[in-house]
>>> print(open('final-v3.cif').read())   # mmCIF, C-alpha atoms
data_entry
loop_
_atom_site.label_atom_id
_atom_site.label_comp_id
_atom_site.auth_asym_id
_atom_site.auth_seq_id
_atom_site.Cartn_x
_atom_site.Cartn_y
_atom_site.Cartn_z
CA MET A 1077 102.50 -58.91 -54.76
CA GLU A 1078 101.32 -59.69 -51.26
CA PRO A 1079 98.56 -62.25 -50.93
CA ARG A 1080 95.39 -60.26 -50.67
CA ARG A 1081 92.07 -60.49 -48.92
CA THR A 1082 88.91 -60.09 -50.88
CA ASP A 1083 85.18 -60.42 -50.85
CA THR A 1084 83.59 -63.07 -52.99
CA THR A 1085 81.81 -61.84 -56.02
CA ASP A 1086 79.43 -62.92 -58.69
CA ALA A 1087 81.80 -64.15 -61.36
CA CYS A 1088 79.51 -63.93 -64.35
CA MET A 1089 80.85 -62.66 -67.65
CA SER A 1090 79.08 -59.37 -68.10
CA SER A 1091 78.91 -57.64 -71.46
CA GLN A 1092 81.07 -54.95 -69.92
CA ILE A 1093 83.81 -57.52 -69.47
CA LEU A 1094 83.50 -58.73 -73.04
CA ASP A 1095 83.77 -55.13 -74.20
CA ARG A 1096 86.99 -54.85 -72.30
CA VAL A 1097 88.31 -58.02 -73.92
CA SER A 1098 87.73 -56.63 -77.37
CA ALA A 1099 89.09 -53.23 -76.36
CA GLY A 1100 92.27 -54.95 -75.31
CA LEU A 1101 92.58 -56.71 -78.63
CA THR A 1102 91.82 -54.02 -81.16
CA SER A 1103 94.89 -51.94 -80.70
CA GLY A 1104 95.85 -49.16 -83.09
CA LEU A 1105 98.79 -51.22 -84.27
CA ALA A 1106 96.49 -53.87 -85.68
CA GLU A 1107 94.34 -51.30 -87.51
CA ALA A 1108 97.29 -50.03 -89.56
CA ARG A 1109 98.16 -53.50 -90.84
CA ILE A 1110 94.57 -54.26 -91.74
CA ALA A 1111 93.95 -51.10 -93.77
CA ASN A 1112 96.38 -52.03 -96.53
CA PRO A 1113 96.64 -55.78 -96.66
CA VAL A 1114 99.53 -57.03 -98.75
CA GLY A 1115 100.98 -60.38 -97.91
CA THR A 1116 102.88 -63.46 -98.93
CA ILE A 1117 100.82 -65.56 -101.32
CA LEU A 1118 101.55 -69.21 -102.05
CA VAL A 1119 100.56 -70.01 -105.66
CA VAL A 1120 100.16 -73.72 -106.37
CA ASP A 1121 99.79 -75.02 -109.92
CA ASP A 1122 101.51 -77.76 -111.89
CA ILE A 1123 101.51 -75.64 -115.06
CA GLU A 1124 104.37 -73.17 -115.01
CA SER A 1125 102.55 -70.62 -117.24
CA ASN A 1126 99.67 -70.47 -114.74
CA THR A 1127 101.92 -69.77 -111.78
CA ARG A 1128 103.74 -67.10 -113.80
CA LEU A 1129 100.44 -65.46 -114.76
CA LEU A 1130 99.06 -65.40 -111.21
CA LYS A 1131 102.39 -64.22 -109.85
CA ARG A 1132 102.44 -61.38 -112.38
CA MET A 1133 98.96 -60.24 -111.32
CA LEU A 1134 99.65 -60.48 -107.59
CA VAL A 1135 103.04 -58.78 -107.68
CA ARG A 1136 101.43 -55.86 -109.55
CA ASP A 1137 99.17 -55.47 -106.51
CA GLY A 1138 102.09 -55.40 -104.07
CA HIS A 1139 102.14 -58.99 -102.79
CA ARG A 1140 105.10 -61.30 -102.40
CA VAL A 1141 104.61 -64.60 -104.22
CA ILE A 1142 106.04 -68.03 -103.58
CA ILE A 1143 105.42 -70.98 -105.87
CA ALA A 1144 104.69 -74.67 -105.42
CA HIS A 1145 104.08 -77.14 -108.23
CA ASP A 1146 101.91 -79.70 -106.46
CA GLY A 1147 100.04 -80.34 -103.23
CA GLN A 1148 102.95 -82.00 -101.49
CA GLU A 1149 105.27 -79.08 -102.18
CA ALA A 1150 102.51 -76.69 -101.10
CA LEU A 1151 102.29 -78.38 -97.68
CA GLU A 1152 106.05 -78.09 -97.27
CA ARG A 1153 106.03 -74.40 -98.24
CA LEU A 1154 103.23 -73.77 -95.74
CA ARG A 1155 105.39 -75.18 -92.97
CA THR A 1156 108.56 -73.34 -93.93
CA ASP A 1157 107.36 -70.00 -95.38
CA HIS A 1158 104.12 -69.30 -93.45
CA PRO A 1159 102.24 -67.67 -96.36
CA ASP A 1160 99.22 -65.47 -95.59
CA LEU A 1161 97.07 -67.03 -98.29
CA VAL A 1162 97.09 -70.02 -100.66
CA LEU A 1163 95.93 -69.77 -104.26
CA MET A 1164 95.69 -73.32 -105.58
CA ASP A 1165 94.77 -75.12 -108.76
CA VAL A 1166 92.26 -77.94 -108.35
CA LEU A 1167 93.61 -80.44 -110.87
CA MET A 1168 97.18 -81.40 -110.13
CA PRO A 1169 99.03 -84.70 -110.45
CA THR A 1170 99.78 -86.70 -107.27
CA LEU A 1171 98.17 -84.55 -104.56
CA GLY A 1172 95.22 -82.56 -105.98
CA GLY A 1173 93.78 -79.24 -104.83
CA PHE A 1174 90.77 -80.60 -102.92
CA GLU A 1175 92.79 -83.12 -100.95
CA THR A 1176 95.55 -80.58 -100.24
CA CYS A 1177 92.97 -78.07 -99.08
CA ARG A 1178 91.48 -80.66 -96.75
CA LEU A 1179 94.91 -81.37 -95.27
CA ILE A 1180 95.60 -77.64 -94.77
CA LYS A 1181 92.27 -77.14 -93.03
CA ASN A 1182 92.69 -80.20 -90.80
CA ASP A 1183 96.05 -79.08 -89.46
CA PRO A 1184 95.70 -76.69 -86.47
CA ALA A 1185 98.94 -74.97 -87.51
CA THR A 1186 97.62 -74.01 -90.96
CA ARG A 1187 93.82 -74.06 -90.80
CA LEU A 1188 93.52 -70.29 -90.40
CA VAL A 1189 95.39 -69.66 -93.67
CA PRO A 1190 92.78 -68.78 -96.32
CA VAL A 1191 92.71 -71.13 -99.30
CA VAL A 1192 91.36 -69.98 -102.67
CA LEU A 1193 90.82 -72.73 -105.22
CA VAL A 1194 91.41 -71.76 -108.83
CA THR A 1195 89.95 -73.90 -111.53
CA ALA A 1196 89.13 -74.16 -115.18
CA LEU A 1197 86.33 -76.58 -114.31
CA GLN A 1198 82.88 -75.05 -114.42
CA GLN A 1199 80.57 -77.39 -112.61
CA SER A 1200 78.87 -76.26 -109.42
CA HIS A 1201 79.65 -79.73 -108.12
CA ASP A 1202 83.27 -78.64 -107.81
CA ARG A 1203 82.33 -75.54 -105.88
CA LEU A 1204 80.40 -77.67 -103.43
CA LEU A 1205 83.30 -80.04 -103.08
CA GLY A 1206 85.58 -77.03 -102.56
CA LEU A 1207 83.39 -75.73 -99.75
CA GLU A 1208 83.22 -79.19 -98.22
CA VAL A 1209 86.99 -79.40 -97.94
CA GLY A 1210 87.05 -75.96 -96.33
CA ALA A 1211 88.10 -73.68 -99.19
CA ASP A 1212 87.53 -70.02 -98.37
CA ASP A 1213 86.86 -68.92 -101.92
CA PHE A 1214 86.67 -70.18 -105.47
CA ILE A 1215 87.92 -68.45 -108.62
CA CYS A 1216 87.27 -69.63 -112.17
CA LYS A 1217 89.64 -69.34 -115.06
CA PRO A 1218 90.10 -67.14 -116.97
CA VAL A 1219 91.11 -65.19 -113.90
CA ASN A 1220 90.14 -61.53 -113.98
CA GLU A 1221 92.93 -59.50 -112.44
CA GLN A 1222 90.70 -56.98 -110.64
CA GLU A 1223 88.48 -59.71 -109.24
CA LEU A 1224 91.47 -61.76 -108.12
CA ASN A 1225 93.09 -58.87 -106.31
CA ALA A 1226 89.84 -57.75 -104.67
CA ARG A 1227 89.21 -61.23 -103.30
CA VAL A 1228 92.78 -61.69 -102.16
CA ARG A 1229 92.73 -58.37 -100.31
CA SER A 1230 89.43 -59.16 -98.68
CA LEU A 1231 90.68 -62.52 -97.42
CA LEU A 1232 93.96 -61.04 -96.25
CA ARG A 1233 92.02 -58.46 -94.24
CA ILE A 1234 90.09 -61.25 -92.52
CA LYS A 1235 93.33 -63.16 -92.01
CA ARG A 1236 94.82 -60.14 -90.21
CA TYR A 1237 91.87 -60.12 -87.84
CA THR A 1238 92.05 -63.83 -87.19
CA ASP A 1239 95.78 -63.55 -86.58
CA ASP A 1240 95.01 -61.10 -83.80
CA LEU A 1241 91.84 -62.76 -82.65
CA ASP A 1242 92.99 -66.35 -82.74
CA THR A 1243 90.10 -68.41 -81.43
CA ALA A 1244 92.07 -70.03 -78.66
CA GLU A 1245 93.55 -66.70 -77.68
CA SER A 1246 90.16 -65.06 -77.32
CA VAL A 1247 89.01 -67.95 -75.17
CA ILE A 1248 92.04 -67.49 -72.96
CA LEU A 1249 91.44 -63.74 -72.73
CA SER A 1250 87.84 -64.38 -71.71
CA LEU A 1251 89.16 -66.72 -69.08
CA ALA A 1252 91.48 -64.00 -67.81
CA MET A 1253 88.57 -61.62 -67.52
CA THR A 1254 86.64 -64.27 -65.60
CA ILE A 1255 89.47 -64.41 -63.08
CA GLU A 1256 89.20 -60.67 -62.68
CA ALA A 1257 85.43 -60.95 -62.22
CA ARG A 1258 85.95 -63.61 -59.56
CA ASP A 1259 87.88 -61.13 -57.47
CA ALA A 1260 85.90 -57.92 -57.04
CA THR A 1261 88.81 -55.93 -55.66
CA THR A 1262 90.76 -56.29 -58.87
CA ASP A 1263 88.03 -54.67 -60.97
CA GLY A 1264 89.63 -52.85 -63.90
CA HIS A 1265 93.09 -53.99 -62.80
CA CYS A 1266 93.85 -55.81 -66.04
CA GLN A 1267 92.81 -52.93 -68.22
CA ARG A 1268 94.83 -50.39 -66.21
CA LEU A 1269 97.82 -52.70 -66.19
CA SER A 1270 97.65 -53.11 -69.91
CA ARG A 1271 97.55 -49.34 -70.38
CA TYR A 1272 100.38 -48.62 -67.93
CA ALA A 1273 102.56 -51.34 -69.44
CA VAL A 1274 102.01 -50.13 -73.00
CA ASP A 1275 102.88 -46.52 -72.05
CA PHE A 1276 105.89 -47.74 -70.13
CA GLY A 1277 107.10 -49.96 -72.98
CA ALA A 1278 106.69 -47.13 -75.48
CA ALA A 1279 108.68 -44.79 -73.23
CA LEU A 1280 111.47 -47.38 -73.09
CA GLY A 1281 111.54 -47.50 -76.89
CA LEU A 1282 110.44 -51.14 -77.21
CA ASP A 1283 109.37 -52.41 -80.63
CA ALA A 1284 105.77 -52.93 -81.72
CA ASN A 1285 105.79 -56.68 -81.02
CA GLU A 1286 107.03 -56.19 -77.48
CA ILE A 1287 104.46 -53.50 -76.82
CA ALA A 1288 101.72 -55.76 -78.17
CA ALA A 1289 102.95 -58.48 -75.78
CA LEU A 1290 102.70 -56.01 -72.89
CA ALA A 1291 99.15 -55.05 -73.90
CA ARG A 1292 98.13 -58.71 -73.82
CA GLY A 1293 100.26 -59.44 -70.78
CA GLY A 1294 98.27 -56.87 -68.82
CA PHE A 1295 95.18 -58.97 -69.35
CA LEU A 1296 96.80 -62.37 -69.03
CA HIS A 1297 99.45 -62.04 -66.31
CA ASP A 1298 97.24 -63.60 -63.61
CA LEU A 1299 95.50 -66.07 -65.93
CA GLY A 1300 96.79 -69.00 -63.88
CA LYS A 1301 94.64 -67.93 -60.92
CA VAL A 1302 91.94 -69.96 -62.64
CA GLY A 1303 93.75 -72.95 -61.15
CA VAL A 1304 93.92 -71.50 -57.63
CA PRO A 1305 91.05 -72.66 -55.38
CA ASP A 1306 88.55 -70.05 -54.18
CA ALA A 1307 89.48 -70.88 -50.58
CA VAL A 1308 92.94 -69.48 -51.29
CA LEU A 1309 92.25 -66.87 -53.95
CA LEU A 1310 89.34 -65.29 -52.07
CA LYS A 1311 90.49 -65.89 -48.50
CA PRO A 1312 89.58 -62.81 -46.46
CA ALA A 1313 92.71 -63.08 -44.31
CA ARG A 1314 96.45 -63.49 -44.65
CA LEU A 1315 97.52 -66.67 -46.41
CA THR A 1316 99.34 -69.38 -44.50
CA PRO A 1317 102.74 -70.40 -45.93
CA GLU A 1318 101.11 -73.50 -47.44
CA GLU A 1319 98.39 -71.43 -49.05
CA PHE A 1320 100.96 -68.99 -50.36
CA ILE A 1321 102.72 -71.85 -52.14
CA VAL A 1322 99.42 -72.74 -53.81
CA MET A 1323 98.92 -69.09 -54.77
CA GLN A 1324 102.40 -68.93 -56.29
CA LYS A 1325 101.48 -71.72 -58.68
CA HIS A 1326 99.35 -69.27 -60.70
CA THR A 1327 102.46 -68.19 -62.61
CA VAL A 1328 103.26 -71.71 -63.76
CA ILE A 1329 99.64 -72.61 -64.47
CA GLY A 1330 99.18 -69.46 -66.55
CA ASP A 1331 102.34 -70.18 -68.51
CA ARG A 1332 101.08 -73.66 -69.29
CA LEU A 1333 97.64 -72.40 -70.37
CA CYS A 1334 99.26 -70.02 -72.88
CA GLY A 1335 101.55 -72.77 -74.06
CA GLU A 1336 99.46 -74.08 -76.93
CA VAL A 1337 98.66 -70.70 -78.48
CA ARG A 1338 101.31 -69.61 -80.94
CA SER A 1339 100.27 -65.95 -80.91
CA LEU A 1340 100.87 -65.81 -77.15
CA ARG A 1341 104.48 -66.95 -77.23
CA ARG A 1342 105.80 -63.48 -76.38
CA VAL A 1343 103.35 -63.17 -73.51
CA ARG A 1344 104.36 -66.38 -71.75
CA PRO A 1345 107.53 -64.99 -70.11
CA ILE A 1346 105.41 -62.17 -68.63
CA VAL A 1347 102.87 -64.61 -67.24
CA ARG A 1348 105.51 -66.87 -65.75
CA HIS A 1349 108.04 -64.37 -64.43
CA HIS A 1350 106.14 -61.27 -63.27
CA HIS A 1351 106.76 -62.22 -59.61
CA GLU A 1352 110.52 -62.76 -59.91
CA ARG A 1353 112.92 -60.44 -58.06
CA LEU A 1354 116.42 -59.39 -59.13
CA ASP A 1355 117.96 -60.90 -55.97
CA GLY A 1356 116.46 -64.31 -56.70
CA THR A 1357 113.89 -64.26 -53.87
CA GLY A 1358 110.91 -64.16 -56.23
CA TYR A 1359 108.94 -67.00 -57.78
CA PRO A 1360 108.35 -69.40 -59.51
CA ASP A 1361 111.95 -69.97 -60.70
CA GLY A 1362 113.98 -67.69 -58.41
CA LEU A 1363 115.60 -66.08 -61.46
CA ARG A 1364 118.24 -63.43 -60.79
CA GLY A 1365 119.14 -60.18 -62.54
CA ASP A 1366 119.07 -60.12 -66.31
CA ALA A 1367 117.82 -63.70 -66.39
CA ILE A 1368 114.39 -62.21 -65.66
CA PRO A 1369 112.87 -61.24 -69.01
CA LEU A 1370 112.60 -57.46 -69.41
CA LEU A 1371 108.89 -57.59 -70.27
CA ALA A 1372 108.24 -59.49 -67.04
CA GLN A 1373 110.19 -56.89 -65.04
CA ILE A 1374 108.12 -54.16 -66.65
CA MET A 1375 104.88 -55.95 -65.81
CA SER A 1376 106.07 -56.48 -62.24
CA VAL A 1377 106.60 -52.73 -61.73
CA VAL A 1378 103.17 -51.79 -63.06
CA ASP A 1379 101.45 -54.69 -61.26
CA VAL A 1380 102.78 -53.60 -57.87
CA PHE A 1381 102.07 -49.95 -58.61
CA ASP A 1382 98.44 -50.70 -59.47
CA ALA A 1383 97.96 -52.91 -56.41
CA LEU A 1384 99.29 -50.15 -54.16
CA THR A 1385 97.27 -47.32 -55.66
CA THR A 1386 93.86 -49.03 -55.68
CA VAL A 1387 91.44 -49.62 -52.82
CA ARG A 1388 91.26 -53.04 -51.18
CA PRO A 1389 88.81 -54.08 -48.45
CA TYR A 1390 91.65 -54.03 -45.92
CA LYS A 1391 93.44 -50.87 -47.08
CA ALA A 1392 92.91 -47.47 -48.64
CA ALA A 1393 94.36 -46.51 -52.00
CA MET A 1394 97.89 -45.21 -51.66
CA PRO A 1395 98.57 -41.85 -53.36
CA PRO A 1396 100.82 -42.18 -56.45
CA GLN A 1397 103.80 -40.50 -54.73
CA ALA A 1398 103.74 -43.00 -51.85
CA ALA A 1399 103.61 -45.85 -54.36
CA TYR A 1400 106.61 -44.39 -56.24
CA ASP A 1401 108.52 -44.30 -52.91
CA GLU A 1402 107.61 -47.93 -52.24
CA LEU A 1403 108.87 -48.97 -55.69
CA PHE A 1404 112.18 -47.16 -55.02
CA ARG A 1405 112.45 -48.96 -51.66
CA GLU A 1406 111.99 -52.26 -53.47
CA ALA A 1407 114.78 -51.26 -55.84
CA GLU A 1408 117.06 -50.53 -52.87
CA ARG A 1409 116.16 -53.91 -51.38
CA GLY A 1410 117.48 -55.43 -54.60
CA TRP A 1411 114.13 -56.62 -55.90
CA ARG A 1412 113.89 -54.55 -59.06
CA ARG A 1413 115.95 -52.33 -61.37
CA ARG A 1414 116.21 -48.75 -60.16
CA ASP A 1415 116.47 -47.39 -63.73
CA LEU A 1416 113.19 -49.10 -64.62
CA VAL A 1417 111.46 -47.62 -61.58
CA GLU A 1418 112.86 -44.20 -62.50
CA ALA A 1419 111.63 -44.50 -66.08
CA PHE A 1420 108.18 -45.57 -64.89
CA VAL A 1421 107.89 -42.81 -62.29
CA ALA A 1422 108.96 -40.25 -64.89
CA LEU A 1423 105.66 -41.02 -66.69
CA GLU A 1424 103.81 -39.89 -63.55
CA PRO A 1425 101.37 -42.83 -63.70
CA GLY A 1426 98.20 -42.43 -61.67
CA ARG A 1427 98.36 -38.65 -61.87
CA GLN A 1428 96.88 -38.06 -65.29
CA ILE A 1429 93.77 -40.15 -64.71
CA MET B 879 95.78 -88.58 -105.08
CA ALA B 880 94.69 -86.67 -108.18
CA ASP B 881 91.02 -85.71 -108.03
CA PRO B 882 89.07 -87.94 -110.43
CA VAL B 883 87.46 -86.03 -113.31
CA PRO B 884 85.61 -87.57 -116.28
CA SER B 885 87.64 -87.48 -119.48
CA PHE B 886 85.43 -84.95 -121.34
CA ASP B 887 85.53 -82.53 -118.41
CA ARG B 888 89.22 -83.07 -118.16
CA TRP B 889 89.66 -82.18 -121.84
CA LEU B 890 87.48 -79.07 -121.44
CA HIS B 891 89.48 -78.08 -118.40
CA ASP B 892 92.80 -78.43 -120.18
CA VAL B 893 91.70 -76.29 -123.14
CA ARG B 894 90.20 -73.60 -120.90
CA ASN B 895 93.40 -73.62 -118.91
CA GLN B 896 95.55 -72.89 -121.95
CA LEU B 897 93.14 -70.22 -123.23
CA SER B 898 93.23 -68.59 -119.77
CA ILE B 899 96.96 -68.23 -120.06
CA ILE B 900 96.65 -66.51 -123.45
CA LEU B 901 93.90 -64.24 -122.12
CA GLY B 902 95.68 -63.41 -118.89
CA PHE B 903 99.03 -62.46 -120.38
CA SER B 904 97.48 -60.54 -123.27
CA GLU B 905 95.38 -58.55 -120.78
CA ILE B 906 98.46 -57.69 -118.75
CA LEU B 907 100.33 -56.62 -121.88
CA LEU B 908 97.38 -54.53 -123.08
CA GLN B 909 97.35 -52.72 -119.74
CA GLU B 910 101.06 -52.09 -119.81
CA LEU B 911 101.29 -51.02 -123.44
CA GLU B 912 101.16 -47.32 -124.29
CA GLU B 913 97.77 -46.37 -125.73
CA ALA B 914 99.33 -45.49 -129.12
CA ASP B 915 101.66 -48.48 -129.33
CA ALA B 916 101.71 -49.95 -132.83
CA LYS B 917 101.58 -53.51 -131.44
CA ARG B 918 98.28 -52.87 -129.69
CA PRO B 919 95.91 -53.87 -132.56
CA ASP B 920 97.75 -57.17 -133.08
CA LEU B 921 97.62 -57.93 -129.40
CA GLN B 922 93.92 -57.09 -129.33
CA GLU B 923 93.38 -59.66 -132.09
CA ILE B 924 95.08 -62.35 -130.02
CA HIS B 925 93.01 -61.42 -126.99
CA ALA B 926 89.73 -61.30 -128.89
CA ALA B 927 90.40 -64.66 -130.55
CA ALA B 928 91.09 -66.28 -127.20
CA GLU B 929 87.84 -64.82 -125.86
CA ARG B 930 85.90 -66.17 -128.84
CA ALA B 931 87.48 -69.59 -128.36
CA MET B 932 86.50 -69.51 -124.70
CA ALA B 933 82.92 -68.60 -125.65
CA ALA B 934 82.87 -71.41 -128.21
CA LEU B 935 83.98 -73.86 -125.54
CA ALA B 936 81.06 -72.84 -123.35
CA ARG B 937 78.75 -73.85 -126.21
CA ALA B 938 80.53 -77.18 -126.68
CA PRO B 939 78.05 -80.05 -127.04
CA ARG B 940 78.04 -81.65 -123.65
CA LYS B 941 78.30 -85.43 -123.44
CA GLU B 942 76.03 -87.07 -120.94
CA ASP B 943 77.68 -87.50 -117.56
CA GLU B 944 79.90 -90.50 -117.56
CA GLY B 945 78.64 -92.15 -114.44
CA SER B 946 81.24 -91.06 -111.96
CA ARG B 947 79.27 -88.12 -110.60
#
>>> encode(input="final-v3.cif", output="structure tokens")
Amino acid sequence: MEPRRTDTTDACMSSQILDRVSAGLTSGLAEARIANPVGTILVVDDIESNTRLLKRMLVRDGHRVIIAHDGQEALERLRTDHPDLVLMDVLMPTLGGFETCRLIKNDPATRLVPVVLVTALQQSHDRLLGLEVGADDFICKPVNEQELNARVRSLLRIKRYTDDLDTAESVILSLAMTIEARDATTDGHCQRLSRYAVDFGAALGLDANEIAALARGGFLHDLGKVGVPDAVLLKPARLTPEEFIVMQKHTVIGDRLCGEVRSLRRVRPIVRHHHERLDGTGYPDGLRGDAIPLLAQIMSVVDVFDALTTVRPYKAAMPPQAAYDELFREAERGWRRRDLVEAFVALEPGRQI
Amino acid sequence: MADPVPSFDRWLHDVRNQLSIILGFSEILLQELEEADAKRPDLQEIHAAAERAMAALARAPRKEDEGSR
């Protein structure tokens, strides 16, 4: 996109913005998975009969069960099999349940996995200790099958939400909305982009994970602008070549900000490469042709379309048809795939709203 | 490291653990058995005995805490 001129704006996080963040996250796809939560359960107990019993109960309720016989093996299984929930005996030789639970909850990679401690001990002292080490629930033996399955389902439901609403991810999304608030002319841009990109991806027959990445990418693509100084981002005139270089860094900065969040791994290529062009004249990496990730190419089409069809202080909104023509011209120039532009235009974006 | 538990509690835990296994599997079998199955009364005896043993354990004379907690 061209560097743009803007007015400064009050960049406070309004409740309206927060509403938009949550609207962007609670997609219909997530709802379906949450309604009927079955998952992979890691059962940890040193007594074989106990693991068999719990497995029997859980499999009857539709879950997949993997087994570990002590804390050490449980930690290994967590790393390799990524279970959705851990059901663990308290008293085990070598590494016991409390200590294992503490280790699970101290590791950023596993701390969001719910841990249910199962015990034949009865003292409330043990419950307290369980809560102290971060256990999410506590079940006493003899285990009642209905109670077990109700609790497991309830925790799995919460796990589904936390998977989608990873703490770090929601912070990053809020940050993205702050960027939008900083720049008054882009009001609603992220939300529209997300919607266009999702429709576009669905029309192209992409799978659910790719479409989810596009939904998030709409909100996050310009995240890195948080690292662009106001003097450049909000400059009410054309950028100098030096300033444009600073502006271009938003792709790399955004990519790096997403880097630590596992759930954003599919979004990173969009953030980094949505300004690349097929002929290699784009940025930040000057990728050519198919080397540019498809999701980034999709985001690039919708990003430019939205910029063209919305009002800016220095220009009127272009009618959709004129924007379609401009996208086709960019395809002729060798910047983007003509078939992608055709597929996008076929959806008649901007006309139905 | 294994979590330290006083010996009496440990003993209680181990017995409850074994009884839980008897209870759990007999409950599953009772659910899966046809209502009129001839084995049902025998299985109910096993289940009821395990429940009574569990109840007896709960009434077990408790030794004073052994200092570690």
>>> closest_atom_pairs(input="final-v3.cif", of="chain A", to="chain B", cutoff="6 Å", atoms="only C-alpha atoms", output="Markdown table")
| residue | atom | partner | partner_atom | distance |
| --- | --- | --- | --- | --- |
| A:Pro1169 | CA | B:Ala880 | CA | 5.3 |
| A:Thr1170 | CA | B:Met879 | CA | 4.9 |
| A:Leu1171 | CA | B:Met879 | CA | 4.7 |
| A:Gly1172 | CA | B:Ala880 | CA | 4.7 |
| A:Ala1196 | CA | B:His891 | CA | 5.1 |
| A:Leu1197 | CA | B:His891 | CA | 5.4 |
| A:Lys1217 | CA | B:Ser898 | CA | 6.0 |
| A:Pro1218 | CA | B:Ser898 | CA | 4.4 |
>>> atom_distance(input="final-v3.cif", atom1="atom CA of A:Leu1134", atom2="atom CA of A:Leu1151")
20.6 Å
>>> resolve_selection(input="final-v3.cif", expression="the PyMOL selection byres ((chain A and resi 1121) around 10)", output="list in words")
Leu1118, Val1119, Val1120, Asp1122, Ile1123, Glu1124, Ser1125, Asn1126, Thr1127, Arg1128, Leu1130, Ile1143, Ala1144, His1145, Asp1146, Gly1147, Ala1150, Leu1163, Met1164, Asp1165, Val1166, Leu1167, Met1168, Pro1169, Gly1172, Gly1173 and Val1194 of chain A
>>> residues_around(input="final-v3.cif", residues="A:Leu1269", least_positions_apart="6", cutoff="8 Å", atoms="all atoms listed in the file", output="JSON, numbers by chain")
{"A": [1294, 1295, 1375, 1378, 1379, 1382]}
>>> atom_distance(input="final-v3.cif", atom1="atom CA of A:Val1114", atom2="atom CA of A:Ala1288")
20.7 Å
>>> resolve_selection(input="final-v3.cif", expression="the PyMOL selection byres ((chain A and resi 1413) around 12)", output="PDB file with C-alpha atoms, in the frame of the given file")
ATOM      1  CA  GLU A1352     110.520 -62.760 -59.910  1.00  0.00           C
ATOM      2  CA  ARG A1353     112.920 -60.440 -58.060  1.00  0.00           C
ATOM      3  CA  LEU A1354     116.420 -59.390 -59.130  1.00  0.00           C
ATOM      4  CA  ASP A1355     117.960 -60.900 -55.970  1.00  0.00           C
ATOM      5  CA  ARG A1364     118.240 -63.430 -60.790  1.00  0.00           C
ATOM      6  CA  GLY A1365     119.140 -60.180 -62.540  1.00  0.00           C
ATOM      7  CA  ASP A1366     119.070 -60.120 -66.310  1.00  0.00           C
ATOM      8  CA  ILE A1368     114.390 -62.210 -65.660  1.00  0.00           C
ATOM      9  CA  LEU A1370     112.600 -57.460 -69.410  1.00  0.00           C
ATOM     10  CA  ALA A1372     108.240 -59.490 -67.040  1.00  0.00           C
ATOM     11  CA  GLN A1373     110.190 -56.890 -65.040  1.00  0.00           C
ATOM     12  CA  ILE A1374     108.120 -54.160 -66.650  1.00  0.00           C
ATOM     13  CA  SER A1376     106.070 -56.480 -62.240  1.00  0.00           C
ATOM     14  CA  VAL A1377     106.600 -52.730 -61.730  1.00  0.00           C
ATOM     15  CA  LEU A1403     108.870 -48.970 -55.690  1.00  0.00           C
ATOM     16  CA  PHE A1404     112.180 -47.160 -55.020  1.00  0.00           C
ATOM     17  CA  ARG A1405     112.450 -48.960 -51.660  1.00  0.00           C
ATOM     18  CA  GLU A1406     111.990 -52.260 -53.470  1.00  0.00           C
ATOM     19  CA  ALA A1407     114.780 -51.260 -55.840  1.00  0.00           C
ATOM     20  CA  GLU A1408     117.060 -50.530 -52.870  1.00  0.00           C
ATOM     21  CA  ARG A1409     116.160 -53.910 -51.380  1.00  0.00           C
ATOM     22  CA  GLY A1410     117.480 -55.430 -54.600  1.00  0.00           C
ATOM     23  CA  TRP A1411     114.130 -56.620 -55.900  1.00  0.00           C
ATOM     24  CA  ARG A1412     113.890 -54.550 -59.060  1.00  0.00           C
ATOM     25  CA  ARG A1414     116.210 -48.750 -60.160  1.00  0.00           C
ATOM     26  CA  ASP A1415     116.470 -47.390 -63.730  1.00  0.00           C
ATOM     27  CA  LEU A1416     113.190 -49.100 -64.620  1.00  0.00           C
ATOM     28  CA  VAL A1417     111.460 -47.620 -61.580  1.00  0.00           C
ATOM     29  CA  GLU A1418     112.860 -44.200 -62.500  1.00  0.00           C
ATOM     30  CA  ALA A1419     111.630 -44.500 -66.080  1.00  0.00           C
ATOM     31  CA  PHE A1420     108.180 -45.570 -64.890  1.00  0.00           C
TER      32      PHE A1420
END
>>> closest_residue(input="final-v3.cif", among="A:Ile1287, A:Val1304, A:Met1133, A:Leu1423", to="A:Asn1225", atoms="only C-alpha atoms")
A:Met1133
>>> residues_around(input="final-v3.cif", residues="B:Leu921", least_positions_apart="5", cutoff="9 Å", atoms="only C-alpha atoms", output="PyMOL selection string")
chain B and resi 904-905+907-908+926
>>> residues_around(input="final-v3.cif", residues="stretch 1176-1192 of chain A", least_positions_apart="3", cutoff="9 Å", atoms="only C-alpha atoms", output="NGL selection string")
:A and (1146-1148 or 1150-1151 or 1154-1155 or 1158-1165 or 1171-1173 or 1206 or 1208-1215 or 1228 or 1231-1232 or 1234-1235 or 1238-1239 or 1242 or 1338)
>>> axis_aligned_box(input="final-v3.cif", around="stretch 923-932 of chain B", padding_each_side="6 Å", output="AutoDock Vina command-line options")
--center_x 90.5 --center_y -64.6 --center_z -128.4 --size_x 21.2 --size_y 21.9 --size_z 19.4
>>> closest_residue(input="final-v3.cif", among="A:Arg1153, A:Gly1335, A:Tyr1359, A:Glu1424", to="A:Phe1320", atoms="all atoms listed in the file")
A:Tyr1359
>>> atom_distance(input="final-v3.cif", atom1="atom CA of A:Gly1330", atom2="atom CA of A:Arg1388")
23.8 Å
>>> closest_residue(input="final-v3.cif", among="B:Ala938, B:Ala928, B:Gln922, B:Ser885", to="B:Gln909", atoms="only C-alpha atoms")
B:Gln922
